[in-house]
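Worksheet for the structure shown next.
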Amino acid sequence: MNLKRGKVLVGAVVAISMGSFAVPFANATAFTGTTAPRTPYIQIAEEEHIELKEKTENKVNELGEKTENKANEIGERTEDKAHELKSDAVAVPNAVHAEHEEHEAREAASEASEPGEEHGGIRHDIKEKTERHVDEMGHEMKGAANAVESEHEAHEMNDR
């Protein structure tokens, strides 16, 4: 008999505990699927919210387009500058080579008019050293232009 009383007591405690959840609160309303009545203030707030949301979306789209246009413009200017630098780097060695050829032609013409002078001397050694240095600088510039172009190509590959 003692076992029955224990079970009844436990059952009563559980029933009281669960029953307290089943009792509705005084101010609580059950959800029936209907919405609360709309007041003019709620309507105004919703309209302002929708208007603000549309303005924000438009502004974000506008800024996105401006940013994209600016990025394209900067990309085009960068490409133009890279091509310009490459053209300059190629032109410098060619100009040095042309100047050297003109110099050699002038010396050959002056030797023909003055057969006793040799093609040499300190002045000629200095000119040769200078031309060598200019050629080296031209090659460095050409290398720099190639570096700019390779950097640009790497940048283009990263964008894709």
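In the structure tokens, each chain is lettered A, B, ... as it comes, each chain's residues begin at 1, and ligands are numbered from 1 in order of appearance.
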Would you kindly return, as an mmCIF file with N, CA and C atoms, in the first residue's frame, each protein, DNA or RNA residue with an atom no farther than 8 Å from any atom of A:Val90, considering only C-alpha atoms and excluding same-chain residues fewer than 3 positions away?
```cif
data_model
loop_
_atom_site.group_PDB
_atom_site.id
_atom_site.type_symbol
_atom_site.label_atom_id
_atom_site.label_comp_id
_atom_site.auth_asym_id
_atom_site.auth_seq_id
_atom_site.Cartn_x
_atom_site.Cartn_y
_atom_site.Cartn_z
ATOM 1 N N LYS A 86 56.325 51.833 -71.010
ATOM 2 C CA LYS A 86 56.974 50.819 -71.843
ATOM 3 C C LYS A 86 57.490 51.463 -73.129
ATOM 4 N N SER A 87 56.677 52.332 -73.729
ATOM 5 C CA SER A 87 57.110 53.011 -74.960
ATOM 6 C C SER A 87 58.358 53.845 -74.705
ATOM 7 N N PRO A 93 66.686 53.201 -75.332
ATOM 8 C CA PRO A 93 67.821 52.468 -75.911
ATOM 9 C C PRO A 93 67.950 52.699 -77.420
ATOM 10 N N ASN A 94 66.814 52.800 -78.102
ATOM 11 C CA ASN A 94 66.871 53.051 -79.548
ATOM 12 C C ASN A 94 67.500 54.414 -79.833
ATOM 13 N N GLY A 138 69.483 52.388 -70.101
ATOM 14 C CA GLY A 138 68.390 52.065 -71.015
ATOM 15 C C GLY A 138 67.871 50.660 -70.770
ATOM 16 N N LYS A 142 64.196 49.587 -69.563
ATOM 17 C CA LYS A 142 63.399 48.593 -70.270
ATOM 18 C C LYS A 142 62.959 47.504 -69.300
#
```
*Excluding A:Ala95 and residues on its chain fewer than 5 positions from it, collect all residues at most 12 Å away from it, counting only C-alpha atoms, and give them as a VMD selection string.*
chain A and resid 88 to 90 100 to 102 131 134 to 135 138
*Select, from A:Ile126, A:Ala12, A:Asn146, A:Glu57, the residue with the minimum atom-to-atom distance to A:Glu84, counting only C-alpha atoms.*
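Among the listed residues, A:Asn146 lies closest to A:Glu84.
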